Amino acid sequence: MKRELTFLLALWKANLLAAMEYRASFISQVIGMMLNNAFYFVFWWVFFDRFEQIRGWELKDMFLMFGVVAAAFGAGVFLFGNALLLADVIAGGRLDYYLSLPRPVLIHTLASRSQASGMGDFLYGVLSFLIAGQYSLDSIARFVIGVVFATTVFISFFVLVQSLAFWTGNASMLAQQAQNAIITFAIYPITLFDGTAKFLLFTVVPAAFIGAIPAEFIRAFTWGNLVLLVGAASGFLTLSVFVFHRGLRRYESGSAIQVQL
Amino acid sequence: MLRTVTRSTAKYTAIFRTQLLNSLAYPADLFSRSLTMVLFMWIFLNLWRVTYNAVGSEIEGLSLGETMWYLMVAETIVLSRPRLSRNVADAVKEGSIAYLLNKPYHFLLYQASIAFGDSLLRMVANALAGGLVVWWTVGPPPSPVGLPFVLVAMTLAWLIDFCINALIGLLAFLVEDVSAFEWIYSKFVLVLGGVLIPLDFFPAWLKSFALALPFAASTYGPARLFVDASFVRFLDLLWKQGFWLLVLGGALAYFYHRTEKWLSINGG
């Protein structure tokens, strides 16, 4: 376990150093993404300025939820950038490189790429959390815990959907739709949805465990929400690892020569 | 001269037709992109249904049905646009623009033909998918009498977006990465263009500011015309779109000419 953690830290360091080689591009992506998120949030500011609350949700609740979602997504794609491209890696036969090395294939594949804009999402998420006004130490601790579990659910969901490429050959389009779905649902208040829709958001598209539940947990500690977060994160993580390794048995080499820099 | 114009038009029509046929070759791709439209319409329906239940049957003169049809048209316009700025920026960064410049067609008109070929089918597919969802949930669309005006407005809106996207793409001559500009532009369109929430619901000062910008002319204007098709509104939108086309088209022509000259001086 310690060896794998050391390996992971080395990968992240290499990714960061590679990003720093093109410092201007890195900084522009980080700042650009922060501005991107800020401009998007103007929509919620306009909405709540006009309508004040929607089924108990107010603007400060949106700051909190957006903070968790942005920080979790940003941390996820910055640390495990290939989670968004796993289907292409599988379909293109590029797993060969990772299979030939004495390291866990999934972790190595996911962490061998970093998306620079993820840092912008993460920093904006932290800023949004601070604007929500939760300054106490225990709120900050719950934010960190919430983001960790939300990141786990995010990445696990991406791995699950992208691993369908082992069976379908090309899952890029489906993966893109799934990605749109989970992010879009995660940034809207869960109270908007009833019945079947709400059930879907806790199961098939687990957006509730990325936005609403962590936000509620940060607002006020409850054992129920903590159990939900831990259960969802460990459940989806286990399922994604299982599905990936089952799919790996079906994997066929693409025989392409791959240069890994 | 007429023969030259006819030949030129035929050239770009052929490029447009080829791209259109290319889009038809992948119907699954087209279908899956329309799923995004269905997703957004469903989320908007949930949001605005709850809002209207709390507030009343009309907000700023718009009923729930009109708001949903407005959002459908606005989303159709936005989701049908190709990633033109990325294509132009990649051509600049890779240097392939120099290779394309000595071809017997104008680089920007070539990109416009390709982009329009891409957009047309997507627009139809998105409108069908979104329209079905909205019709099924809130009822039929407003009167089709204004549809010809809306189609003219949507075409001009597309041209405004093309100019802005091409300008962003050509920024690759100055900056290494245009991603940040792409993201910010898309958010300007979503918020200040009234795609996520009609500009009518904005505070008065912000509404006035947003209406003065080109984003309102390229999304809010055509979508609002769809739910309230009056000749006066159409004329008002027409002159705004005409103004922005002149300004942005002029800026694009000038900037493109400068970059073309710069490329030629540096040996391509």
# chains A, B, ... in the order shown; residues from 1 in each chain; ligands from 1
>>> closest_atom_pairs(of="stretch 136-199 of chain B", to="stretch 115-126 of chain A", cutoff="12 Å", atoms="only C-alpha atoms", output="JSON lines")
{"residue": "B:Asp177", "atom": "CA", "partner": "A:Ser117", "partner_atom": "CA", "distance": 11.9}
{"residue": "B:Ser179", "atom": "CA", "partner": "A:Ser117", "partner_atom": "CA", "distance": 9.5}
{"residue": "B:Ala180", "atom": "CA", "partner": "A:Ser117", "partner_atom": "CA", "distance": 9.0}
{"residue": "B:Trp183", "atom": "CA", "partner": "A:Ser117", "partner_atom": "CA", "distance": 10.7}
>>> write_last_selection(atoms="N, CA and C atoms", output="PDB file, in the first residue's frame")
ATOM      1  N   ASP B 177      -2.593  29.243 -25.741  1.00  0.00           N
ATOM      2  CA  ASP B 177      -3.756  28.402 -25.503  1.00  0.00           C
ATOM      3  C   ASP B 177      -5.005  29.271 -25.442  1.00  0.00           C
ATOM      4  N   SER B 179      -8.049  28.091 -24.798  1.00  0.00           N
ATOM      5  CA  SER B 179      -9.112  27.413 -24.040  1.00  0.00           C
ATOM      6  C   SER B 179      -9.835  28.355 -23.090  1.00  0.00           C
ATOM      7  N   ALA B 180      -9.050  29.153 -22.361  1.00  0.00           N
ATOM      8  CA  ALA B 180      -9.648  30.046 -21.365  1.00  0.00           C
ATOM      9  C   ALA B 180     -10.653  30.995 -22.033  1.00  0.00           C
ATOM     10  N   TRP B 183     -13.848  29.079 -22.920  1.00  0.00           N
ATOM     11  CA  TRP B 183     -14.712  28.810 -21.761  1.00  0.00           C
ATOM     12  C   TRP B 183     -15.473  30.070 -21.353  1.00  0.00           C
TER      13      TRP B 183
END
>>> closest_atom_pairs(of="chain B", to="chain A", cutoff="7 Å", atoms="only C-alpha atoms", output="tab-separated table")
residue	atom	partner	partner_atom	distance
B:Ser32	CA	A:Met173	CA	6.9
B:Thr36	CA	A:Gln177	CA	6.6
B:Asn46	CA	A:Leu192	CA	5.8
B:Leu47	CA	A:Leu192	CA	6.0
B:Val50	CA	A:Leu192	CA	6.8
B:Thr51	CA	A:Ile54	CA	6.8
B:Glu176	CA	A:Ser25	CA	6.5
B:Asp177	CA	A:Ser25	CA	6.0
B:Ser179	CA	A:Gln29	CA	7.0
B:Ala180	CA	A:Gly32	CA	4.3
B:Trp183	CA	A:Asn36	CA	5.8
B:Ile184	CA	A:Asn36	CA	5.1
B:Lys187	CA	A:Tyr40	CA	5.7
B:Val191	CA	A:Phe43	CA	5.8
B:Leu196	CA	A:Phe43	CA	7.0
B:Phe202	CA	A:Val46	CA	6.2
>>> select_by_dssp(residues="stretch 13-107 of chain B", states="helix (DSSP H, G or I)", output="PyMOL selection string")
chain B and resi 13-24+27-55+64-79+84-94+96-101+107
>>> residues_around(residues="stretch 102-110 of chain A", least_positions_apart="4", cutoff="7 Å", atoms="only C-alpha atoms", output="count of residues only")
5
>>> residues_around(residues="B:Gly242", least_positions_apart="6", cutoff="12 Å", atoms="only C-alpha atoms", output="number ranges by chain")
B: 152-153, 155-157, 159-160, 214, 217-218, 234-236, 248-250
>>> write_last_selection(atoms="N, CA and C atoms", output="CSV table (one decimal), in the first residue's frame")
chain,number,residue,atom,x,y,z
B,152,VAL,N,-34.6,33.3,-40.1
B,152,VAL,CA,-33.7,34.3,-40.5
B,152,VAL,C,-32.8,34.8,-39.3
B,153,ALA,N,-33.5,35.0,-38.2
B,153,ALA,CA,-32.8,35.5,-37.0
B,153,ALA,C,-31.7,34.4,-36.6
B,155,THR,N,-30.2,32.3,-38.4
B,155,THR,CA,-29.0,32.3,-39.4
B,155,THR,C,-28.1,33.4,-39.1
B,156,LEU,N,-28.6,34.6,-38.9
B,156,LEU,CA,-27.8,35.8,-38.5
B,156,LEU,C,-27.1,35.5,-37.2
B,157,ALA,N,-27.8,34.9,-36.3
B,157,ALA,CA,-27.2,34.6,-35.0
B,157,ALA,C,-26.0,33.7,-35.1
B,159,LEU,N,-24.1,33.5,-37.7
B,159,LEU,CA,-23.0,34.2,-38.3
B,159,LEU,C,-22.3,35.1,-37.2
B,160,ILE,N,-23.0,35.6,-36.3
B,160,ILE,CA,-22.4,36.4,-35.2
B,160,ILE,C,-21.5,35.5,-34.4
B,214,PRO,N,-23.5,41.5,-27.9
B,214,PRO,CA,-23.8,40.6,-29.0
B,214,PRO,C,-24.4,39.3,-28.6
B,217,ALA,N,-28.0,39.2,-29.0
B,217,ALA,CA,-28.5,39.2,-30.4
B,217,ALA,C,-28.3,37.8,-31.0
B,218,SER,N,-27.4,37.0,-30.4
B,218,SER,CA,-27.2,35.6,-31.0
B,218,SER,C,-28.0,34.5,-30.3
B,234,PHE,N,-39.0,41.6,-34.6
B,234,PHE,CA,-38.1,41.1,-35.6
B,234,PHE,C,-37.2,42.2,-36.2
B,235,LEU,N,-37.8,43.3,-36.5
B,235,LEU,CA,-37.1,44.4,-37.1
B,235,LEU,C,-36.0,44.9,-36.1
B,236,ASP,N,-36.4,45.0,-34.8
B,236,ASP,CA,-35.5,45.5,-33.8
B,236,ASP,C,-34.3,44.5,-33.7
B,248,LEU,N,-18.3,42.9,-35.8
B,248,LEU,CA,-17.5,41.7,-35.6
B,248,LEU,C,-16.9,41.2,-36.9
B,249,GLY,N,-17.7,41.3,-38.0
B,249,GLY,CA,-17.2,40.8,-39.3
B,249,GLY,C,-16.1,41.7,-39.7
B,250,GLY,N,-16.2,43.0,-39.4
B,250,GLY,CA,-15.1,43.9,-39.8
B,250,GLY,C,-13.8,43.6,-39.0
>>> residues_around(residues="B:Phe107", least_positions_apart="5", cutoff="12 Å", atoms="only C-alpha atoms", output="PyMOL selection string")
chain B and resi 12+87-88+91-92+96-102+112-114+166+170+253+256-257+259-260
>>> residues_around(residues="A:Phe209", least_positions_apart="6", cutoff="9 Å", atoms="only C-alpha atoms", output="NGL selection string")
:A and (149-150 or 153-154 or 186 or 201-202 or 228-229 or 232-233)
>>> closest_residue(among="B:Ala25, B:Leu252, B:Leu190, B:Leu39", to="B:Asp118", atoms="only C-alpha atoms")
B:Ala25
>>> residues_around(residues="stretch 11-17 of chain A", least_positions_apart="4", cutoff="9 Å", atoms="only C-alpha atoms", output="list in words")
Thr6, Phe7, Glu21, Phe78, Leu79, Phe80, His108, Ala111, Ser112, Arg113, Ser114 and Ala116 of chain A
>>> atom_distance(atom1="atom CA of B:Arg83", atom2="atom CA of B:Ile15")
17.3 Å
>>> closest_residue(among="B:Leu62, B:Val178, B:Tyr105, B:Phe188", to="B:Ala10", atoms="only C-alpha atoms")
B:Tyr105
>>> closest_residue(among="A:Ala207, A:Leu248, A:Val68, A:Ala220", to="A:Val147", atoms="only C-alpha atoms")
A:Val68
>>> closest_residue(among="B:Leu237, B:Glu60, B:Leu128, B:Ala223", to="B:Pro203", atoms="only C-alpha atoms")
B:Glu60
